[in-house]
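Enquirer: Structure file coords-v3.tsv (TSV, C-alpha atoms) is given on the next line.
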chain	number	residue	atom	x	y	z
T	193	MET	CA	-5.28	-52.00	31.52
T	194	GLN	CA	-3.82	-55.09	29.94
T	195	THR	CA	-0.74	-56.73	31.32
T	196	ASN	CA	1.41	-59.10	29.29
T	197	PRO	CA	-0.90	-59.23	26.26
T	198	VAL	CA	0.14	-61.68	23.58
T	199	LYS	CA	0.24	-59.87	20.23
T	200	SER	CA	0.21	-63.06	18.20
T	201	TYR	CA	0.42	-66.71	19.06
T	202	PRO	CA	3.11	-69.06	17.81
T	203	LYS	CA	2.07	-71.48	15.08
T	204	PRO	CA	0.17	-74.48	16.54
T	205	ASP	CA	2.45	-77.44	17.16
T	206	LEU	CA	0.27	-80.28	15.89
T	207	ASP	CA	2.97	-82.96	16.20
T	208	LYS	CA	3.42	-82.13	19.88
T	209	ALA	CA	-0.37	-82.03	20.27
T	210	ARG	CA	-0.75	-85.56	18.86
T	211	TYR	CA	1.90	-86.86	21.26
T	212	LEU	CA	0.36	-85.03	24.23
T	213	ASP	CA	-3.12	-86.26	23.28
T	214	ARG	CA	-1.82	-89.85	23.48
T	215	MET	CA	-0.25	-89.05	26.87
T	216	ALA	CA	-3.54	-87.50	28.06
T	217	ALA	CA	-5.43	-90.63	26.98
T	218	LEU	CA	-2.88	-92.83	28.76
T	219	ILE	CA	-3.04	-90.74	31.95
T	220	THR	CA	-6.85	-90.87	31.84
T	221	GLY	CA	-6.79	-94.65	31.49
T	222	VAL	CA	-4.30	-95.09	34.33
T	223	VAL	CA	-6.34	-92.81	36.62
T	224	PHE	CA	-9.61	-94.61	35.81
T	225	ILE	CA	-8.06	-98.04	36.45
T	226	THR	CA	-6.38	-96.85	39.64
T	227	VAL	CA	-9.55	-95.26	41.01
T	228	GLY	CA	-11.49	-98.41	40.13
T	229	LEU	CA	-9.00	-100.61	42.00
T	230	MET	CA	-8.55	-98.48	45.11
T	231	ARG	CA	-11.96	-99.40	46.46
T	232	ARG	CA	-11.19	-103.12	46.08
T	233	ILE	CA	-7.55	-103.25	47.16
T	234	LYS	CA	-6.13	-102.00	50.45
T	235	PHE	CA	-2.44	-101.90	51.33
T	236	ASP	CA	-1.20	-102.06	54.91
T	237	THR	CA	1.79	-99.72	54.86
T	238	GLY	CA	2.10	-99.24	58.59
T	239	VAL	CA	1.70	-95.51	57.95
T	240	ASP	CA	-1.39	-93.63	59.13
T	241	PHE	CA	-2.63	-91.49	56.24
T	242	ASP	CA	-5.54	-90.00	58.20
T	243	PHE	CA	-3.96	-86.57	57.75
T	244	LEU	CA	-4.66	-86.64	53.99
T	245	PRO	CA	-8.40	-85.73	53.75
T	246	PRO	CA	-7.86	-82.11	54.83
T	247	VAL	CA	-4.78	-81.91	52.58
T	248	ILE	CA	-6.88	-83.19	49.68
T	249	ALA	CA	-9.58	-80.60	50.44
T	250	VAL	CA	-7.02	-77.78	50.58
T	251	LEU	CA	-5.46	-78.89	47.28
T	252	ASN	CA	-8.90	-78.90	45.64
T	253	THR	CA	-9.64	-75.46	47.07
T	254	LEU	CA	-6.35	-74.14	45.70
T	255	VAL	CA	-7.23	-75.62	42.30
T	256	ALA	CA	-10.50	-73.65	42.38
T	257	VAL	CA	-8.68	-70.44	43.29
T	258	SER	CA	-6.10	-71.03	40.54
T	259	LEU	CA	-8.85	-71.59	37.98
T	260	ILE	CA	-10.64	-68.39	38.94
T	261	VAL	CA	-7.41	-66.37	38.78
T	262	ALA	CA	-6.54	-67.97	35.40
T	263	VAL	CA	-9.92	-66.94	33.98
T	264	TYR	CA	-9.48	-63.44	35.37
T	265	HIS	CA	-6.19	-63.17	33.49
T	266	VAL	CA	-7.48	-64.58	30.21
T	267	ARG	CA	-10.39	-62.13	30.26
T	268	ARG	CA	-7.82	-59.34	30.59
T	269	LYS	CA	-5.96	-60.92	27.66
T	270	ASP	CA	-3.01	-61.56	29.97
T	271	ILE	CA	-2.18	-64.92	28.41
T	272	ILE	CA	1.19	-65.29	30.14
T	273	ASN	CA	-0.35	-65.23	33.62
T	274	HIS	CA	-3.34	-67.26	32.42
T	275	ARG	CA	-0.95	-70.03	31.37
T	276	LYS	CA	0.90	-69.80	34.70
T	277	TYR	CA	-2.25	-70.19	36.79
T	278	ILE	CA	-3.63	-73.00	34.64
T	279	SER	CA	-0.27	-74.75	35.06
T	280	VAL	CA	-0.56	-74.27	38.83
T	281	ALA	CA	-4.08	-75.76	38.72
T	282	MET	CA	-2.76	-78.76	36.76
T	283	VAL	CA	0.12	-79.38	39.21
T	284	LEU	CA	-2.19	-79.03	42.21
T	285	SER	CA	-4.66	-81.43	40.56
T	286	ALA	CA	-1.88	-83.97	40.05
T	287	LEU	CA	-0.85	-83.64	43.71
T	288	PHE	CA	-4.50	-84.03	44.69
T	289	GLN	CA	-4.77	-87.22	42.63
T	290	VAL	CA	-1.66	-88.73	44.23
T	291	CYS	CA	-2.89	-87.94	47.76
T	292	TYR	CA	-6.39	-89.19	46.94
T	293	VAL	CA	-5.13	-92.51	45.59
T	294	VAL	CA	-2.67	-93.04	48.47
T	295	TYR	CA	-5.39	-92.33	51.02
T	296	HIS	CA	-7.98	-94.62	49.41
T	297	PHE	CA	-5.52	-97.49	48.83
T	298	THR	CA	-4.48	-97.44	52.50
T	299	THR	CA	-7.53	-96.36	54.49
T	300	PRO	CA	-11.03	-97.85	54.90
T	301	GLU	CA	-13.93	-95.88	53.45
T	302	THR	CA	-15.59	-93.33	55.71
T	303	THR	CA	-19.36	-93.32	55.30
T	304	TYR	CA	-21.68	-90.43	55.99
T	305	CYS	CA	-22.80	-90.73	59.60
T	306	ARG	CA	-25.69	-88.32	59.91
T	307	GLN	CA	-29.27	-89.52	59.48
T	308	ASP	CA	-30.98	-86.17	58.88
T	309	TRP	CA	-31.88	-84.06	55.82
T	310	THR	CA	-28.18	-83.42	55.10
T	311	ARG	CA	-27.69	-87.04	54.09
T	312	GLY	CA	-29.50	-86.58	50.77
T	313	LEU	CA	-27.67	-83.33	50.13
T	314	TYR	CA	-24.32	-84.96	50.86
T	315	TYR	CA	-24.92	-87.88	48.51
T	316	ALA	CA	-26.27	-85.61	45.74
T	317	LEU	CA	-23.14	-83.48	46.03
T	318	LEU	CA	-20.83	-86.51	46.25
T	319	ILE	CA	-22.37	-88.37	43.31
T	320	SER	CA	-22.36	-85.30	41.06
T	321	HIS	CA	-18.77	-84.60	42.13
T	322	ILE	CA	-17.60	-88.14	41.30
T	323	ILE	CA	-19.41	-88.34	37.96
T	324	LEU	CA	-18.28	-84.91	36.78
T	325	ALA	CA	-14.70	-85.53	37.97
T	326	GLY	CA	-14.55	-88.71	35.91
T	327	ILE	CA	-16.17	-87.21	32.83
T	328	SER	CA	-14.12	-84.02	32.94
T	329	LEU	CA	-10.65	-85.52	33.42
T	330	PRO	CA	-9.88	-86.31	29.77
T	331	PHE	CA	-11.43	-83.04	28.63
T	332	ILE	CA	-9.35	-81.05	31.13
T	333	LEU	CA	-6.23	-82.72	29.76
T	334	PHE	CA	-7.23	-82.23	26.10
T	335	THR	CA	-8.12	-78.58	26.77
T	336	PHE	CA	-4.73	-78.06	28.40
T	337	VAL	CA	-3.01	-79.68	25.40
T	338	ARG	CA	-4.86	-77.37	23.01
T	339	GLY	CA	-3.73	-74.32	24.96
T	340	TYR	CA	-0.18	-75.57	25.46
T	341	THR	CA	0.24	-76.24	21.74
T	342	TYR	CA	-1.33	-72.89	20.75
T	343	GLN	CA	-4.48	-74.31	19.17
T	344	VAL	CA	-6.28	-71.25	20.50
T	345	LYS	CA	-9.69	-71.65	18.85
T	346	ALA	CA	-10.00	-75.31	19.85
T	347	HIS	CA	-8.75	-74.48	23.36
T	348	THR	CA	-11.30	-71.69	23.75
T	349	ARG	CA	-14.19	-73.87	22.50
T	350	LEU	CA	-13.34	-76.64	24.97
T	351	ALA	CA	-12.50	-74.34	27.88
T	352	ARG	CA	-15.88	-72.60	27.75
T	353	TRP	CA	-17.62	-75.73	29.00
T	354	VAL	CA	-14.73	-77.56	30.70
T	355	PHE	CA	-13.94	-74.64	33.05
T	356	PRO	CA	-17.30	-74.54	34.89
T	357	ILE	CA	-17.31	-78.32	35.32
T	358	TRP	CA	-13.72	-78.37	36.59
T	359	LEU	CA	-14.53	-75.49	38.95
T	360	TYR	CA	-17.62	-77.33	40.24
T	361	VAL	CA	-15.52	-80.45	40.91
T	362	ALA	CA	-12.83	-78.38	42.64
T	363	VAL	CA	-15.41	-76.68	44.90
T	364	SER	CA	-17.72	-79.64	45.55
T	365	GLY	CA	-14.83	-81.86	46.73
T	366	PRO	CA	-13.98	-79.66	49.74
T	367	LEU	CA	-17.69	-79.23	50.48
T	368	CYS	CA	-18.07	-83.03	50.61
T	369	TYR	CA	-15.05	-83.18	52.93
T	370	LEU	CA	-16.52	-80.55	55.27
T	371	MET	CA	-19.81	-82.45	55.41
T	372	LEU	CA	-18.01	-85.77	56.01
T	373	LYS	CA	-15.50	-84.38	58.53
T	374	PRO	CA	-17.62	-85.14	61.64
T	375	CYS	CA	-17.82	-88.78	60.50
T	376	TYR	CA	-14.07	-89.53	60.52
T	377	ILE	CA	-13.22	-91.84	63.41
Output the structure of this file as structure tokens.
Expert:
Amino acid sequence: MQTNPVKSYPKPDLDKARYLDRMAALITGVVFITVGLMRRIKFDTGVDFDFLPPVIAVLNTLVAVSLIVAVYHVRRKDIINHRKYISVAMVLSALFQVCYVVYHFTTPETTYCRQDWTRGLYYALLISHIILAGISLPFILFTFVRGYTYQVKAHTRLARWVFPIWLYVAVSGPLCYLMLKPCYI
């Protein structure tokens, strides 16, 4: 049974897409610069942000759940709910990014403390998470723009490979947190 099927899509809004593509490129640049600086610059705010790592992990977990639910809806051709859950994933990702940057600008790095076989696993997971998060960011934004502006074929082509990478990043982040949790002082 299909719920909320879209009979036909509105005409693609290419002017809006061009504007949003520029915004996506700008956001990507700002995020890359910010992430690059947060390891070099630390601010003493007088506020203890040690509560943020579990919040960040929960936000990433909720992104993963939202993505899975969004795909469930698109496979049922329930585009209205698909768009809602993708929007939720985007908002949660933005909240994640804010918390992540605040934490890393204000708190010293926590290094992995165990010296057993899990160390290699942790770093493999962490490195793949970081690389894929960086690579996928602009593509997530461009895929969202294609869907938002009703460029359905382009959106579908991008989403087929962006979705699994985004899902991997959203799942591997909390796994890294759970492995690192015993190391927080």
Enquirer: Extract, using all atoms listed in the file, all DNA, RNA and protein residues at most 10 Å from Ile248 of chain T, discarding same-chain residues fewer than 6 positions from it, and format them as a ChimeraX atom specification.
Expert: /T:254,284-285,287-292,295,365-366,369
Enquirer: Neighbours of segment 202-211 of chain T within 8 Å (only C-alpha atoms; same-chain residues fewer than 2 positions away dropped), as a PyMOL selection string?
Expert: chain T and resi 200+213-215+337-338+341-343
Enquirer: Which residues of segment 246-332 of chain T come within 9 Å of segment 345-356 of chain T, and what is each one's closest atom pair and distance in Å (one decimal), counting all atoms listed in the file, sorted by chain and residue number, as CSV?
Expert:
residue,atom,partner,partner_atom,distance
T:Leu259,CA,T:Phe355,CA,7.7
T:Val263,CA,T:Phe355,CA,8.7
T:Ser328,CA,T:Val354,CA,6.9
T:Phe331,CA,T:Val354,CA,6.7
T:Ile332,CA,T:Val354,CA,6.4
Enquirer: One number please: atom CA of Gly221 of chain T to atom CA of Tyr304 of chain T, in Å, one decimal.
Expert: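 Straight-line distance from atom CA of Gly221 of chain T to atom CA of Tyr304 of chain T works out to 29.0 Å.
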Enquirer: Residues near Thr302 of chain T, anyone? I mean within 8 Å using only C-alpha atoms, not counting same-chain ones fewer than 2 positions away, as a ChimeraX atom specification.
Expert: /T:300,304,372,375-376
Enquirer: Expressed in Å to a single decimal, how great is the separation between atom CA of Tyr315 of chain T and atom CA of Phe241 of chain T?
Expert: 23.9 Å
Enquirer: Enter the distance from atom CA of Thr220 of chain T to atom CA of Gly326 of chain T, in Å, rounded to one decimal.
Expert: 9.0 Å
Enquirer: Write segment 345-356 of chain T as a PDB file, in the coordinates of the input, completed to all heavy atoms.
Expert:
ATOM      1  N   LYS T 345      -8.247 -71.534  19.072  1.00  0.00           N
ATOM      2  CA  LYS T 345      -9.690 -71.650  18.850  1.00  0.00           C
ATOM      3  C   LYS T 345     -10.245 -72.935  19.466  1.00  0.00           C
ATOM      4  O   LYS T 345     -11.278 -72.914  20.129  1.00  0.00           O
ATOM      5  CB  LYS T 345     -10.009 -71.600  17.354  1.00  0.00           C
ATOM      6  CG  LYS T 345      -9.874 -70.214  16.775  1.00  0.00           C
ATOM      7  CD  LYS T 345     -10.247 -70.190  15.311  1.00  0.00           C
ATOM      8  CE  LYS T 345     -10.018 -68.776  14.765  1.00  0.00           C
ATOM      9  NZ  LYS T 345     -10.296 -68.710  13.333  1.00  0.00           N
ATOM     10  N   ALA T 346      -9.550 -74.044  19.271  1.00  0.00           N
ATOM     11  CA  ALA T 346     -10.000 -75.310  19.850  1.00  0.00           C
ATOM     12  C   ALA T 346      -9.936 -75.248  21.379  1.00  0.00           C
ATOM     13  O   ALA T 346     -10.841 -75.738  22.069  1.00  0.00           O
ATOM     14  CB  ALA T 346      -9.143 -76.467  19.335  1.00  0.00           C
ATOM     15  N   HIS T 347      -8.886 -74.636  21.903  1.00  0.00           N
ATOM     16  CA  HIS T 347      -8.750 -74.480  23.360  1.00  0.00           C
ATOM     17  C   HIS T 347      -9.917 -73.670  23.915  1.00  0.00           C
ATOM     18  O   HIS T 347     -10.537 -74.064  24.915  1.00  0.00           O
ATOM     19  CB  HIS T 347      -7.421 -73.795  23.692  1.00  0.00           C
ATOM     20  CG  HIS T 347      -7.299 -73.404  25.120  1.00  0.00           C
ATOM     21  ND1 HIS T 347      -7.039 -74.322  26.122  1.00  0.00           N
ATOM     22  CD2 HIS T 347      -7.424 -72.204  25.738  1.00  0.00           C
ATOM     23  CE1 HIS T 347      -6.997 -73.694  27.286  1.00  0.00           C
ATOM     24  NE2 HIS T 347      -7.233 -72.415  27.083  1.00  0.00           N
ATOM     25  N   THR T 348     -10.227 -72.569  23.278  1.00  0.00           N
ATOM     26  CA  THR T 348     -11.300 -71.690  23.750  1.00  0.00           C
ATOM     27  C   THR T 348     -12.646 -72.405  23.717  1.00  0.00           C
ATOM     28  O   THR T 348     -13.432 -72.306  24.662  1.00  0.00           O
ATOM     29  CB  THR T 348     -11.346 -70.405  22.909  1.00  0.00           C
ATOM     30  OG1 THR T 348     -10.066 -69.763  22.989  1.00  0.00           O
ATOM     31  CG2 THR T 348     -12.408 -69.450  23.397  1.00  0.00           C
ATOM     32  N   ARG T 349     -12.918 -73.124  22.610  1.00  0.00           N
ATOM     33  CA  ARG T 349     -14.190 -73.870  22.500  1.00  0.00           C
ATOM     34  C   ARG T 349     -14.336 -74.881  23.628  1.00  0.00           C
ATOM     35  O   ARG T 349     -15.395 -74.980  24.252  1.00  0.00           O
ATOM     36  CB  ARG T 349     -14.255 -74.598  21.153  1.00  0.00           C
ATOM     37  CG  ARG T 349     -14.917 -73.836  20.048  1.00  0.00           C
ATOM     38  CD  ARG T 349     -15.241 -74.723  18.852  1.00  0.00           C
ATOM     39  NE  ARG T 349     -14.187 -75.631  18.467  1.00  0.00           N
ATOM     40  CZ  ARG T 349     -13.207 -75.362  17.611  1.00  0.00           C
ATOM     41  NH1 ARG T 349     -13.140 -74.175  17.043  1.00  0.00           N
ATOM     42  NH2 ARG T 349     -12.303 -76.271  17.311  1.00  0.00           N
ATOM     43  N   LEU T 350     -13.282 -75.644  23.897  1.00  0.00           N
ATOM     44  CA  LEU T 350     -13.340 -76.640  24.970  1.00  0.00           C
ATOM     45  C   LEU T 350     -13.424 -75.974  26.345  1.00  0.00           C
ATOM     46  O   LEU T 350     -14.219 -76.386  27.194  1.00  0.00           O
ATOM     47  CB  LEU T 350     -12.108 -77.541  24.921  1.00  0.00           C
ATOM     48  CG  LEU T 350     -12.105 -78.649  23.884  1.00  0.00           C
ATOM     49  CD1 LEU T 350     -10.715 -79.268  23.780  1.00  0.00           C
ATOM     50  CD2 LEU T 350     -13.123 -79.700  24.247  1.00  0.00           C
ATOM     51  N   ALA T 351     -12.593 -74.971  26.556  1.00  0.00           N
ATOM     52  CA  ALA T 351     -12.500 -74.340  27.880  1.00  0.00           C
ATOM     53  C   ALA T 351     -13.811 -73.711  28.321  1.00  0.00           C
ATOM     54  O   ALA T 351     -14.101 -73.677  29.517  1.00  0.00           O
ATOM     55  CB  ALA T 351     -11.387 -73.296  27.885  1.00  0.00           C
ATOM     56  N   ARG T 352     -14.612 -73.250  27.388  1.00  0.00           N
ATOM     57  CA  ARG T 352     -15.880 -72.600  27.750  1.00  0.00           C
ATOM     58  C   ARG T 352     -16.809 -73.532  28.509  1.00  0.00           C
ATOM     59  O   ARG T 352     -17.606 -73.084  29.329  1.00  0.00           O
ATOM     60  CB  ARG T 352     -16.576 -72.060  26.508  1.00  0.00           C
ATOM     61  CG  ARG T 352     -15.906 -70.804  26.028  1.00  0.00           C
ATOM     62  CD  ARG T 352     -16.837 -69.929  25.232  1.00  0.00           C
ATOM     63  NE  ARG T 352     -16.190 -68.645  25.064  1.00  0.00           N
ATOM     64  CZ  ARG T 352     -15.813 -68.149  23.912  1.00  0.00           C
ATOM     65  NH1 ARG T 352     -16.044 -68.811  22.809  1.00  0.00           N
ATOM     66  NH2 ARG T 352     -15.218 -66.977  23.858  1.00  0.00           N
ATOM     67  N   TRP T 353     -16.755 -74.832  28.238  1.00  0.00           N
ATOM     68  CA  TRP T 353     -17.620 -75.730  29.000  1.00  0.00           C
ATOM     69  C   TRP T 353     -16.835 -76.588  29.982  1.00  0.00           C
ATOM     70  O   TRP T 353     -17.389 -77.061  30.966  1.00  0.00           O
ATOM     71  CB  TRP T 353     -18.522 -76.554  28.081  1.00  0.00           C
ATOM     72  CG  TRP T 353     -17.860 -77.625  27.287  1.00  0.00           C
ATOM     73  CD1 TRP T 353     -17.343 -77.511  26.041  1.00  0.00           C
ATOM     74  CD2 TRP T 353     -17.650 -78.976  27.686  1.00  0.00           C
ATOM     75  NE1 TRP T 353     -16.806 -78.706  25.637  1.00  0.00           N
ATOM     76  CE2 TRP T 353     -16.994 -79.629  26.634  1.00  0.00           C
ATOM     77  CE3 TRP T 353     -17.951 -79.709  28.830  1.00  0.00           C
ATOM     78  CZ2 TRP T 353     -16.632 -80.959  26.688  1.00  0.00           C
ATOM     79  CZ3 TRP T 353     -17.591 -81.041  28.880  1.00  0.00           C
ATOM     80  CH2 TRP T 353     -16.942 -81.646  27.813  1.00  0.00           C
ATOM     81  N   VAL T 354     -15.535 -76.775  29.759  1.00  0.00           N
ATOM     82  CA  VAL T 354     -14.730 -77.560  30.700  1.00  0.00           C
ATOM     83  C   VAL T 354     -14.488 -76.767  31.991  1.00  0.00           C
ATOM     84  O   VAL T 354     -14.549 -77.328  33.090  1.00  0.00           O
ATOM     85  CB  VAL T 354     -13.385 -77.991  30.061  1.00  0.00           C
ATOM     86  CG1 VAL T 354     -12.445 -78.586  31.091  1.00  0.00           C
ATOM     87  CG2 VAL T 354     -13.646 -78.977  28.928  1.00  0.00           C
ATOM     88  N   PHE T 355     -14.228 -75.466  31.865  1.00  0.00           N
ATOM     89  CA  PHE T 355     -13.940 -74.640  33.050  1.00  0.00           C
ATOM     90  C   PHE T 355     -15.018 -74.733  34.120  1.00  0.00           C
ATOM     91  O   PHE T 355     -14.706 -75.024  35.283  1.00  0.00           O
ATOM     92  CB  PHE T 355     -13.689 -73.181  32.656  1.00  0.00           C
ATOM     93  CG  PHE T 355     -13.753 -72.244  33.821  1.00  0.00           C
ATOM     94  CD1 PHE T 355     -12.721 -72.191  34.749  1.00  0.00           C
ATOM     95  CD2 PHE T 355     -14.868 -71.454  34.039  1.00  0.00           C
ATOM     96  CE1 PHE T 355     -12.796 -71.345  35.850  1.00  0.00           C
ATOM     97  CE2 PHE T 355     -14.952 -70.608  35.128  1.00  0.00           C
ATOM     98  CZ  PHE T 355     -13.907 -70.555  36.038  1.00  0.00           C
ATOM     99  N   PRO T 356     -16.308 -74.495  33.804  1.00  0.00           N
ATOM    100  CA  PRO T 356     -17.300 -74.540  34.890  1.00  0.00           C
ATOM    101  C   PRO T 356     -17.428 -75.925  35.537  1.00  0.00           C
ATOM    102  O   PRO T 356     -17.676 -76.027  36.743  1.00  0.00           O
ATOM    103  CB  PRO T 356     -18.616 -74.105  34.242  1.00  0.00           C
ATOM    104  CG  PRO T 356     -18.383 -74.115  32.784  1.00  0.00           C
ATOM    105  CD  PRO T 356     -16.917 -74.083  32.531  1.00  0.00           C
TER     106      PRO T 356
END
